>>> print(open('coords09.pdb').read())   # PDB, C-alpha atoms and all ligand atoms
ATOM      1  CA  MET C   1     -14.497  54.055 -66.197
ATOM      2  CA  ILE C   2     -14.700  54.877 -69.897
ATOM      3  CA  ASN C   3     -17.455  57.436 -69.576
ATOM      4  CA  GLN C   4     -15.999  59.335 -66.679
ATOM      5  CA  PRO C   5     -16.093  63.108 -67.124
ATOM      6  CA  LEU C   6     -13.024  65.008 -68.133
ATOM      7  CA  ALA C   7     -10.808  66.128 -65.273
ATOM      8  CA  LEU C   8     -11.306  69.806 -64.545
ATOM      9  CA  ILE C   9      -7.689  70.624 -65.258
ATOM     10  CA  ASN C  10      -7.904  69.049 -68.741
ATOM     11  CA  GLU C  11     -11.103  70.953 -69.432
ATOM     12  CA  LEU C  12      -9.459  74.206 -68.351
ATOM     13  CA  PHE C  13      -6.644  73.567 -70.806
ATOM     14  CA  GLY C  14      -9.114  73.124 -73.647
ATOM     15  CA  GLN C  15      -9.203  69.335 -74.047
ATOM     16  CA  PRO C  16     -12.467  68.352 -75.785
ATOM     17  CA  PRO C  17     -14.569  65.558 -74.218
ATOM     18  CA  ASN C  18     -13.302  62.071 -74.913
ATOM     19  CA  ALA C  19     -15.240  59.855 -77.334
ATOM     20  CA  SER C  20     -12.988  56.808 -77.740
ATOM     21  CA  GLU C  21     -12.410  53.648 -75.781
ATOM     22  CA  HIS C  22      -8.720  54.222 -75.022
ATOM     23  CA  GLY C  23      -9.014  58.011 -74.598
ATOM     24  CA  PHE C  24      -9.511  58.013 -70.833
ATOM     25  CA  GLN C  25      -6.008  56.555 -70.389
ATOM     26  CA  ILE C  26      -4.538  59.466 -72.309
ATOM     27  CA  ASP C  27      -6.653  61.861 -70.267
ATOM     28  CA  HIS C  28      -5.297  60.318 -67.067
ATOM     29  CA  ILE C  29      -1.695  60.779 -68.092
ATOM     30  CA  LEU C  30      -2.448  64.360 -69.187
ATOM     31  CA  GLU C  31      -4.151  65.106 -65.901
ATOM     32  CA  PHE C  32      -1.243  63.617 -63.975
ATOM     33  CA  SER C  33       1.274  65.612 -66.028
ATOM     34  CA  GLN C  34      -0.605  68.879 -65.515
ATOM     35  CA  TRP C  35      -0.725  68.437 -61.746
ATOM     36  CA  PHE C  36       2.864  67.234 -61.630
ATOM     37  CA  MET C  37       4.001  70.319 -63.557
ATOM     38  CA  ALA C  38       1.925  72.521 -61.223
ATOM     39  CA  VAL C  39       3.669  71.000 -58.198
ATOM     40  CA  LEU C  40       7.095  71.437 -59.828
ATOM     41  CA  PHE C  41       6.270  75.039 -60.717
ATOM     42  CA  VAL C  42       5.231  75.897 -57.168
ATOM     43  CA  GLY C  43       8.219  74.038 -55.678
ATOM     44  CA  TRP C  44      10.822  75.631 -57.922
ATOM     45  CA  SER C  45       9.244  79.091 -57.540
ATOM     46  CA  ALA C  46       9.408  78.774 -53.750
ATOM     47  CA  PHE C  47      13.033  77.637 -53.949
ATOM     48  CA  PHE C  48      13.864  80.556 -56.247
ATOM     49  CA  ILE C  49      12.370  83.069 -53.813
ATOM     50  CA  TYR C  50      14.206  81.411 -50.902
ATOM     51  CA  VAL C  51      17.514  81.713 -52.787
ATOM     52  CA  LEU C  52      16.879  85.377 -53.606
ATOM     53  CA  VAL C  53      16.351  86.136 -49.920
ATOM     54  CA  ARG C  54      18.935  83.783 -48.426
ATOM     55  CA  PHE C  55      21.795  84.969 -50.678
ATOM     56  CA  ARG C  56      20.874  88.650 -50.766
ATOM     57  CA  LYS C  57      23.720  91.179 -50.881
ATOM     58  CA  GLY C  58      22.887  92.639 -47.463
ATOM     59  CA  ARG C  59      23.634  89.315 -45.806
ATOM     60  CA  ASN C  60      26.489  88.268 -48.125
ATOM     61  CA  PRO C  61      28.513  91.399 -48.938
ATOM     62  CA  VAL C  62      31.487  89.400 -50.226
ATOM     63  CA  ALA C  63      31.117  86.839 -53.008
ATOM     64  CA  ASP C  64      32.065  83.248 -52.164
ATOM     65  CA  HIS C  65      34.552  82.057 -54.793
ATOM     66  CA  GLU C  66      34.640  78.445 -53.558
ATOM     67  CA  GLY C  67      31.014  77.439 -54.245
ATOM     68  CA  VAL C  68      29.477  74.149 -53.218
ATOM     69  CA  LYS C  69      31.934  71.522 -51.969
ATOM     70  CA  SER C  70      29.630  68.618 -51.119
ATOM     71  CA  GLY C  71      28.691  66.118 -53.820
ATOM     72  CA  ILE C  72      24.983  66.143 -52.979
ATOM     73  CA  SER C  73      23.906  68.060 -56.068
ATOM     74  CA  THR C  74      25.815  65.685 -58.357
ATOM     75  CA  HIS C  75      24.139  62.690 -56.724
ATOM     76  CA  LEU C  76      20.741  64.378 -56.978
ATOM     77  CA  GLU C  77      21.196  65.087 -60.649
ATOM     78  CA  PHE C  78      22.287  61.520 -61.309
ATOM     79  CA  ALA C  79      19.241  60.202 -59.430
ATOM     80  CA  VAL C  80      16.893  62.400 -61.486
ATOM     81  CA  VAL C  81      18.407  61.158 -64.754
ATOM     82  CA  LEU C  82      18.098  57.567 -63.556
ATOM     83  CA  ILE C  83      14.438  57.944 -62.538
ATOM     84  CA  GLU C  84      13.583  59.570 -65.850
ATOM     85  CA  ALA C  85      15.353  56.838 -67.784
ATOM     86  CA  VAL C  86      13.393  54.164 -65.877
ATOM     87  CA  LEU C  87      10.097  55.983 -66.546
ATOM     88  CA  LEU C  88      10.847  56.334 -70.238
ATOM     89  CA  ILE C  89      12.470  52.987 -71.024
ATOM     90  CA  GLY C  90      10.628  50.910 -68.424
ATOM     91  CA  PHE C  91       7.097  52.293 -68.760
ATOM     92  CA  ALA C  92       6.479  54.885 -71.461
ATOM     93  CA  ILE C  93       8.048  53.153 -74.471
ATOM     94  CA  PRO C  94       6.640  49.644 -73.716
ATOM     95  CA  LEU C  95       3.132  51.066 -73.108
ATOM     96  CA  TRP C  96       3.266  53.074 -76.312
ATOM     97  CA  GLY C  97       4.613  50.051 -78.164
ATOM     98  CA  ARG C  98       1.697  47.981 -76.919
ATOM     99  CA  TYR C  99      -0.846  50.524 -78.110
ATOM    100  CA  VAL C 100       0.599  50.981 -81.580
ATOM    101  CA  ASN C 101       1.320  47.289 -82.136
ATOM    102  CA  GLU C 102      -1.840  45.664 -80.848
ATOM    103  CA  PHE C 103      -4.105  46.306 -83.768
ATOM    104  CA  PRO C 104      -7.668  44.998 -83.701
ATOM    105  CA  GLU C 105      -8.516  41.986 -85.851
ATOM    106  CA  SER C 106      -9.275  43.258 -89.319
ATOM    107  CA  LYS C 107     -12.329  40.975 -89.548
ATOM    108  CA  ASP C 108     -14.070  43.068 -86.871
ATOM    109  CA  ALA C 109     -12.700  46.422 -87.913
ATOM    110  CA  ILE C 110     -13.822  49.050 -90.387
ATOM    111  CA  ILE C 111     -10.895  49.875 -92.643
ATOM    112  CA  VAL C 112     -10.640  53.214 -94.366
ATOM    113  CA  HIS C 113      -7.894  54.937 -96.307
ATOM    114  CA  ALA C 114      -7.425  58.616 -95.446
ATOM    115  CA  VAL C 115      -5.424  60.561 -97.990
ATOM    116  CA  GLY C 116      -4.374  64.096 -97.172
ATOM    117  CA  GLN C 117      -3.934  66.799 -99.745
ATOM    118  CA  GLN C 118      -3.572  70.549 -99.553
ATOM    119  CA  PHE C 119      -6.091  71.233 -97.990
ATOM    120  CA  ASN C 120      -8.581  68.426 -97.620
ATOM    121  CA  TRP C 121      -9.027  64.883 -96.401
ATOM    122  CA  ASN C 122     -10.098  62.228 -98.926
ATOM    123  CA  PHE C 123     -11.530  58.954 -97.706
ATOM    124  CA  HIS C 124     -11.434  55.746 -99.684
ATOM    125  CA  MET C 125     -13.541  52.732 -98.720
ATOM    126  CA  PRO C 126     -13.593  49.330-100.402
ATOM    127  CA  GLY C 127     -17.288  49.162-101.339
ATOM    128  CA  PRO C 128     -19.442  46.013-101.292
ATOM    129  CA  ASP C 129     -16.684  43.673-102.560
ATOM    130  CA  GLY C 130     -14.485  44.503 -99.576
ATOM    131  CA  GLN C 131     -11.451  45.176-101.760
ATOM    132  CA  PHE C 132      -9.676  48.434-102.313
ATOM    133  CA  GLY C 133      -9.186  49.323-105.966
ATOM    134  CA  LYS C 134      -5.787  50.193-107.390
ATOM    135  CA  ARG C 135      -4.709  53.806-107.142
ATOM    136  CA  ASP C 136      -2.121  55.577-109.241
ATOM    137  CA  ILE C 137      -0.873  59.105-108.709
ATOM    138  CA  SER C 138      -0.600  59.636-112.475
ATOM    139  CA  LEU C 139      -4.394  59.190-112.759
ATOM    140  CA  VAL C 140      -5.181  61.942-110.266
ATOM    141  CA  SER C 141      -7.381  64.613-111.824
ATOM    142  CA  ASN C 142     -10.099  67.047-110.765
ATOM    143  CA  SER C 143     -12.723  64.350-111.149
ATOM    144  CA  ASN C 144     -10.556  61.537-109.766
ATOM    145  CA  SER C 145      -9.058  62.970-106.615
ATOM    146  CA  LEU C 146      -7.434  59.723-105.499
ATOM    147  CA  GLY C 147      -6.279  58.470-108.895
ATOM    148  CA  LEU C 148      -8.494  55.374-108.818
ATOM    149  CA  ASP C 149      -7.579  53.124-111.725
ATOM    150  CA  PRO C 150     -10.715  52.638-113.896
ATOM    151  CA  ALA C 151      -9.234  49.347-115.118
ATOM    152  CA  SER C 152      -9.097  47.940-111.604
ATOM    153  CA  GLU C 153     -12.032  45.564-111.060
ATOM    154  CA  ALA C 154     -11.800  45.861-107.289
ATOM    155  CA  GLY C 155     -12.081  49.636-107.580
ATOM    156  CA  LYS C 156     -15.342  49.739-109.551
ATOM    157  CA  ASP C 157     -17.529  49.762-106.438
ATOM    158  CA  ASP C 158     -15.171  51.756-104.233
ATOM    159  CA  ILE C 159     -16.458  54.693-102.256
ATOM    160  CA  VAL C 160     -14.528  57.945-102.275
ATOM    161  CA  VAL C 161     -15.720  60.833-100.150
ATOM    162  CA  LEU C 162     -14.259  64.223 -99.454
ATOM    163  CA  GLY C 163     -14.204  65.725 -95.995
ATOM    164  CA  GLU C 164     -16.820  63.633 -94.225
ATOM    165  CA  LEU C 165     -16.310  60.113 -92.951
ATOM    166  CA  HIS C 166     -18.983  57.996 -91.310
ATOM    167  CA  VAL C 167     -18.133  55.144 -88.953
ATOM    168  CA  PRO C 168     -20.277  52.935 -86.713
ATOM    169  CA  VAL C 169     -20.100  53.312 -82.939
ATOM    170  CA  ASN C 170     -18.381  50.666 -80.775
ATOM    171  CA  ARG C 171     -16.446  49.113 -83.644
ATOM    172  CA  PRO C 172     -12.676  49.317 -84.053
ATOM    173  CA  ILE C 173     -11.779  51.680 -86.886
ATOM    174  CA  ILE C 174      -8.458  51.307 -88.675
ATOM    175  CA  VAL C 175      -7.490  54.358 -90.697
ATOM    176  CA  GLU C 176      -4.596  53.894 -93.095
ATOM    177  CA  THR C 177      -3.153  57.335 -93.648
ATOM    178  CA  SER C 178      -1.159  58.658 -96.571
ATOM    179  CA  SER C 179      -0.732  61.914 -98.450
ATOM    180  CA  LYS C 180      -0.747  63.153-102.030
ATOM    181  CA  ASP C 181       1.587  66.084-101.506
ATOM    182  CA  VAL C 182       3.191  67.191 -98.241
ATOM    183  CA  ILE C 183       3.236  65.789 -94.726
ATOM    184  CA  HIS C 184      -0.135  66.205 -93.031
ATOM    185  CA  ASN C 185      -1.362  64.836 -89.731
ATOM    186  CA  PHE C 186      -4.658  63.001 -89.461
ATOM    187  CA  ALA C 187      -5.825  64.177 -86.059
ATOM    188  CA  LEU C 188      -9.008  63.268 -84.182
ATOM    189  CA  PRO C 189      -8.852  65.256 -80.950
ATOM    190  CA  HIS C 190     -12.050  63.716 -79.530
ATOM    191  CA  MET C 191     -10.755  60.204 -80.225
ATOM    192  CA  ARG C 192      -7.346  60.999 -78.724
ATOM    193  CA  ALA C 193      -5.752  59.723 -81.912
ATOM    194  CA  ALA C 194      -3.450  61.316 -84.459
ATOM    195  CA  GLN C 195      -1.028  60.090 -87.075
ATOM    196  CA  ASP C 196       1.248  61.827 -89.552
ATOM    197  CA  ALA C 197       0.109  61.285 -93.142
ATOM    198  CA  ILE C 198       3.302  61.004 -95.168
ATOM    199  CA  PRO C 199       3.666  60.883 -98.962
ATOM    200  CA  GLY C 200       4.892  57.469-100.124
ATOM    201  CA  GLN C 201       3.929  55.705 -96.914
ATOM    202  CA  ILE C 202       0.772  54.102 -95.592
ATOM    203  CA  ILE C 203       0.626  54.308 -91.828
ATOM    204  CA  PRO C 204      -2.304  52.868 -89.887
ATOM    205  CA  LEU C 205      -3.869  54.187 -86.715
ATOM    206  CA  TRP C 206      -6.856  52.794 -84.873
ATOM    207  CA  PHE C 207      -9.453  53.734 -82.305
ATOM    208  CA  THR C 208     -12.892  52.607 -81.156
ATOM    209  CA  PRO C 209     -15.503  55.372 -80.969
ATOM    210  CA  ILE C 210     -17.854  54.928 -78.007
ATOM    211  CA  LYS C 211     -20.212  57.892 -78.463
ATOM    212  CA  THR C 212     -22.307  58.794 -81.482
ATOM    213  CA  GLY C 213     -22.051  62.337 -82.764
ATOM    214  CA  SER C 214     -20.112  64.549 -85.114
ATOM    215  CA  TYR C 215     -16.453  65.194 -84.390
ATOM    216  CA  GLU C 216     -13.861  67.394 -85.982
ATOM    217  CA  ILE C 217     -11.034  65.943 -88.059
ATOM    218  CA  VAL C 218      -8.127  68.348 -88.284
ATOM    219  CA  CYS C 219      -4.710  68.473 -89.845
ATOM    220  CA  GLY C 220      -2.100  68.513 -87.098
ATOM    221  CA  GLN C 221       0.874  69.540 -89.223
ATOM    222  CA  LEU C 222       1.497  73.005 -90.571
ATOM    223  CA  CYS C 223       1.161  71.967 -94.219
ATOM    224  CA  GLY C 224       0.806  75.249 -96.090
ATOM    225  CA  LEU C 225      -1.198  78.449 -96.369
ATOM    226  CA  GLY C 226      -4.589  76.741 -96.148
ATOM    227  CA  HIS C 227      -3.618  74.512 -93.224
ATOM    228  CA  TYR C 228      -6.025  76.249 -90.854
ATOM    229  CA  GLY C 229      -8.943  75.255 -93.082
ATOM    230  CA  MET C 230      -7.943  71.607 -93.511
ATOM    231  CA  LYS C 231     -10.825  70.202 -91.540
ATOM    232  CA  GLY C 232     -13.126  67.284 -91.950
ATOM    233  CA  ASN C 233     -15.959  65.654 -90.125
ATOM    234  CA  LEU C 234     -16.049  62.279 -88.434
ATOM    235  CA  VAL C 235     -19.638  61.196 -87.938
ATOM    236  CA  VAL C 236     -20.065  58.332 -85.490
ATOM    237  CA  ASP C 237     -23.352  56.644 -86.376
ATOM    238  CA  THR C 238     -25.508  54.002 -84.796
ATOM    239  CA  PRO C 239     -25.136  50.723 -86.752
ATOM    240  CA  GLU C 240     -28.442  51.389 -88.558
ATOM    241  CA  GLU C 241     -27.470  54.927 -89.561
ATOM    242  CA  TYR C 242     -24.120  53.649 -90.739
ATOM    243  CA  GLN C 243     -25.734  50.973 -92.932
ATOM    244  CA  ALA C 244     -28.029  53.615 -94.431
ATOM    245  CA  TRP C 245     -25.107  55.924 -95.161
ATOM    246  CA  LEU C 246     -23.071  53.118 -96.677
ATOM    247  CA  LYS C 247     -25.996  52.086 -98.883
ATOM    248  CA  GLU C 248     -26.444  55.659-100.065
ATOM    249  CA  ARG C 249     -22.742  56.013-100.883
ATOM    250  CA  VAL C 250     -22.729  52.716-102.769
ATOM    251  CA  GLU C 251     -25.748  53.864-104.800
ATOM    252  CA  LEU C 252     -24.101  57.202-105.505
ATOM    253  CA  SER C 253     -20.989  55.437-106.733
ATOM    254  CA  GLY C 254     -23.248  53.820-109.317
ATOM    255  CA  THR C 255     -22.626  50.195-108.554
ATOM    256  CA  GLN C 256     -25.307  47.537-108.479
ATOM    257  CA  ALA C 257     -23.033  44.812-107.201
ATOM    258  CA  ALA C 258     -24.521  42.722-104.444
ATOM    259  CA  PRO C 259     -22.461  42.656-101.270
ATOM    260  CA  ALA C 260     -20.381  39.524-100.884
ATOM    261  CA  PRO C 261     -21.671  37.012 -98.310
ATOM    262  CA  THR C 262     -20.343  37.909 -94.912
ATOM    263  CA  ASP C 263     -20.948  37.392 -91.227
ATOM    264  CA  ARG C 264     -20.691  41.130 -90.783
ATOM    265  CA  PRO C 265     -23.769  43.380 -90.704
ATOM    266  CA  GLU C 266     -25.753  43.552 -93.919
ATOM    267  CA  GLY C 267     -24.439  45.885 -96.588
ATOM    268  CA  GLU C 268     -21.007  46.145 -95.019
ATOM    269  CA  PRO C 269     -17.949  45.012 -96.943
ATOM    270  CA  PRO C 270     -16.612  41.651 -95.752
ATOM    271  CA  GLY C 271     -13.717  41.622 -93.335
ATOM    272  CA  GLY C 272     -10.708  39.373 -93.353
ATOM    273  CA  GLY C 273      -7.094  39.596 -94.325
ATOM    274  CA  ASN C 274      -7.746  40.656 -97.913
ATOM    275  CA  ILE C 275      -9.382  43.948 -96.988
ATOM    276  CA  GLN C 276      -6.415  45.183 -95.021
ATOM    277  CA  GLY C 277      -4.371  44.733 -98.127
ATOM    278  CA  SER C 278      -2.282  47.841 -98.190
ATOM    279  CA  VAL C 279      -0.027  47.463 -95.216
ATOM    280  CA  ALA C 280       0.348  45.113 -92.305
ATOM    281  CA  PRO C 281       0.009  46.876 -88.981
ATOM    282  CA  PRO C 282       3.291  47.433 -87.205
ATOM    283  CA  GLY C 283       4.366  44.284 -85.421
ATOM    284  CA  ALA C 284       2.010  42.046 -87.374
ATOM    285  CA  PRO C 285       3.467  38.688 -88.374
ATOM    286  CA  LYS C 286       5.117  38.868 -91.762
ATOM    287  CA  THR C 287       3.107  36.958 -94.323
ATOM    288  CA  GLY C 288       5.886  36.872 -96.868
ATOM    289  CA  ASP C 289       3.502  38.488 -99.333
ATOM    290  CA  PRO C 290       5.380  41.273-101.093
ATOM    291  CA  SER C 291       2.141  43.175-101.617
ATOM    292  CA  ASN C 292       2.120  43.927 -97.907
ATOM    293  CA  ASN C 293       5.124  46.172 -98.295
ATOM    294  CA  PRO C 294       4.471  49.885 -98.364
ATOM    295  CA  ALA C 295       5.089  51.637-101.646
ATOM    296  CA  PRO C 296       8.596  52.927-102.325
ATOM    297  CA  ALA C 297       9.410  56.242-100.745
ATOM    298  CA  ASN C 298       9.585  58.075-104.041
ATOM    299  CA  SER C 299       6.019  57.224-105.015
ATOM    300  CA  PRO C 300       3.788  60.130-103.986
ATOM    301  CA  ALA C 301       0.592  58.127-103.578
ATOM    302  CA  PRO C 302       0.946  54.450-102.866
ATOM    303  CA  ASP C 303      -1.187  52.093-104.874
ATOM    304  CA  ALA C 304      -3.327  49.571-103.221
ATOM    305  CA  PRO C 305      -1.498  46.344-103.999
ATOM    306  CA  PRO C 306      -3.029  43.574-106.054
ATOM    307  CA  GLN C 307      -5.741  41.888-104.031
ATOM    308  CA  HIS C 308      -5.752  38.278-103.069
ATOM    309  CA  PRO C 309      -8.148  36.160-105.057
TER     310      PRO C 309
HETATM  311 CU    CU O 401      -2.489  69.404 -93.740
END
>>> encode(input="coords09.pdb", output="structure tokens", more="lines below")
Ligand SMILES: [Cu+2]
Amino acid sequence: MINQPLALINELFGQPPNASEHGFQIDHILEFSQWFMAVLFVGWSAFFIYVLVRFRKGRNPVADHEGVKSGISTHLEFAVVLIEAVLLIGFAIPLWGRYVNEFPESKDAIIVHAVGQQFNWNFHMPGPDGQFGKRDISLVSNSNSLGLDPASEAGKDDIVVLGELHVPVNRPIIVETSSKDVIHNFALPHMRAAQDAIPGQIIPLWFTPIKTGSYEIVCGQLCGLGHYGMKGNLVVDTPEEYQAWLKERVELSGTQAAPAPTDRPEGEPPGGGNIQGSVAPPGAPKTGDPSNNPAPANSPAPDAPPQHP
């Protein structure tokens, strides 16, 4: 079911092939909506032409000042409103709520911070210790694009990359989005996932890539003059390729730290509650730990909170 080809109508409207586990559901609803709109268009067009002919001047020389007397149209309109309310409140909102609330277990997931800026995507990964280092907007400079705090122990082995993110195939990926300047939108058209990246907030999104390859990351919000060029690359690797990439990045970041013991694949940062330190996914049980609160709204780039011991 997952690997079914894209419906012709979606392809005609420019939808790229799906590469994520949940994407086919979105494709189904798109396909349904396109056909439904086509039927409505044909139906209303036919009705319009009928009305033009039926009420032409030749047949109705004198205007009727009374209009419709039956209540049918009122009842019809009420029925349409009712059906739409049931669809929205009964189906659409609960289904959407389920998708955005049911986050994968962080022990299985790859967790990445994506920070938008005019006009690039920065990615921040925790490195071998599995902990995100502290970030501070006042430390942002040309050589420190995310404002990583050099005094933060957890940040010493962190990986920061610009523009290109690698992830392993068939693993849930949680991307915690934020922004350094204006509102951007972290959009992965092939993964059927997108999330606004908002200054002062950390908002997670998740998806599971099911096909290896290179996919475009775009900015889905008009964020300034260079918006059109705000593109990145999501490379979905086999597990082996991903390990090799991770190893290379760790070496480039100059750390010799041995990875902490973990039941995850070799070289990968350990999972668990501590790695998802910045923000609890929506709907997650409250831990009572104040560090799980997002940064205040007036802080342009939220810090990673202090990590658990
Ligand atoms: Cu942007």
>>> residues_near_ligand(input="coords09.pdb", ligand="ligand CU 401 (chain O)", cutoff="6 Å", atoms="only C-alpha atoms and all ligand atoms", output="list in words")
Phe119, His184, Cys219, Gln221, Cys223, His227 and Met230 of chain C
>>> resolve_selection(input="coords09.pdb", expression="the PyMOL selection byres (((chain C and resi 23) around 10) and not hetatm)", output="PyMOL selection string")
chain C and resi 2-3+17-22+24-28+189-193+207-210
>>> closest_residue(input="coords09.pdb", among="C:Leu30, C:Val100, C:Ile198, C:Leu148", to="C:His124", atoms="only C-alpha atoms")
C:Leu148
>>> atom_distance(input="coords09.pdb", atom1="atom CA of C:Gly220", atom2="atom CA of C:Asp158")
27.3 Å
>>> atom_distance(input="coords09.pdb", atom1="atom CA of C:Trp44", atom2="atom CA of C:Ile89")
26.2 Å
>>> residues_around(input="coords09.pdb", residues="C:Ala7", least_positions_apart="2", cutoff="8 Å", atoms="all atoms listed in the file", output="VMD selection string")
chain C and resid 5 9 to 11 27 31
>>> write_last_selection(input="coords09.pdb", atoms="C-alpha atoms", output="mmCIF file, in the frame of the given file")
data_model
loop_
_atom_site.group_PDB
_atom_site.id
_atom_site.type_symbol
_atom_site.label_atom_id
_atom_site.label_comp_id
_atom_site.auth_asym_id
_atom_site.auth_seq_id
_atom_site.Cartn_x
_atom_site.Cartn_y
_atom_site.Cartn_z
ATOM 1 C CA PRO C 5 -16.093 63.108 -67.124
ATOM 2 C CA ILE C 9 -7.689 70.624 -65.258
ATOM 3 C CA ASN C 10 -7.904 69.049 -68.741
ATOM 4 C CA GLU C 11 -11.103 70.953 -69.432
ATOM 5 C CA ASP C 27 -6.653 61.861 -70.267
ATOM 6 C CA GLU C 31 -4.151 65.106 -65.901
#
>>> atom_distance(input="coords09.pdb", atom1="atom CA of C:Gly213", atom2="atom CA of C:Val115")
22.6 Å
>>> closest_residue(input="coords09.pdb", among="C:Asp157, C:Asp196, C:Glu216, C:Glu84", to="C:Ile183", atoms="all atoms listed in the file")
C:Asp196
>>> closest_residue(input="coords09.pdb", among="C:Met125, C:Ile159, C:Leu139, C:Ile174", to="C:Asp108", atoms="only C-alpha atoms")
C:Ile174
>>> residues_around(input="coords09.pdb", residues="C:Thr177", least_positions_apart="4", cutoff="8 Å", atoms="all atoms listed in the file", output="PyMOL selection string")
chain C and resi 113-116+186+195-198+201-205
>>> axis_aligned_box(input="coords09.pdb", around="stretch 5-17 of chain C", padding_each_side="3 Å", output="lines of an AutoDock Vina configuration file")
center_x = -11.4
center_y = 68.7
center_z = -70.2
size_x = 15.4
size_y = 17.1
size_z = 17.2
>>> closest_residue(input="coords09.pdb", among="C:Gly133, C:Ser138, C:Pro172, C:Pro239", to="C:Glu153", atoms="all atoms listed in the file")
C:Gly133
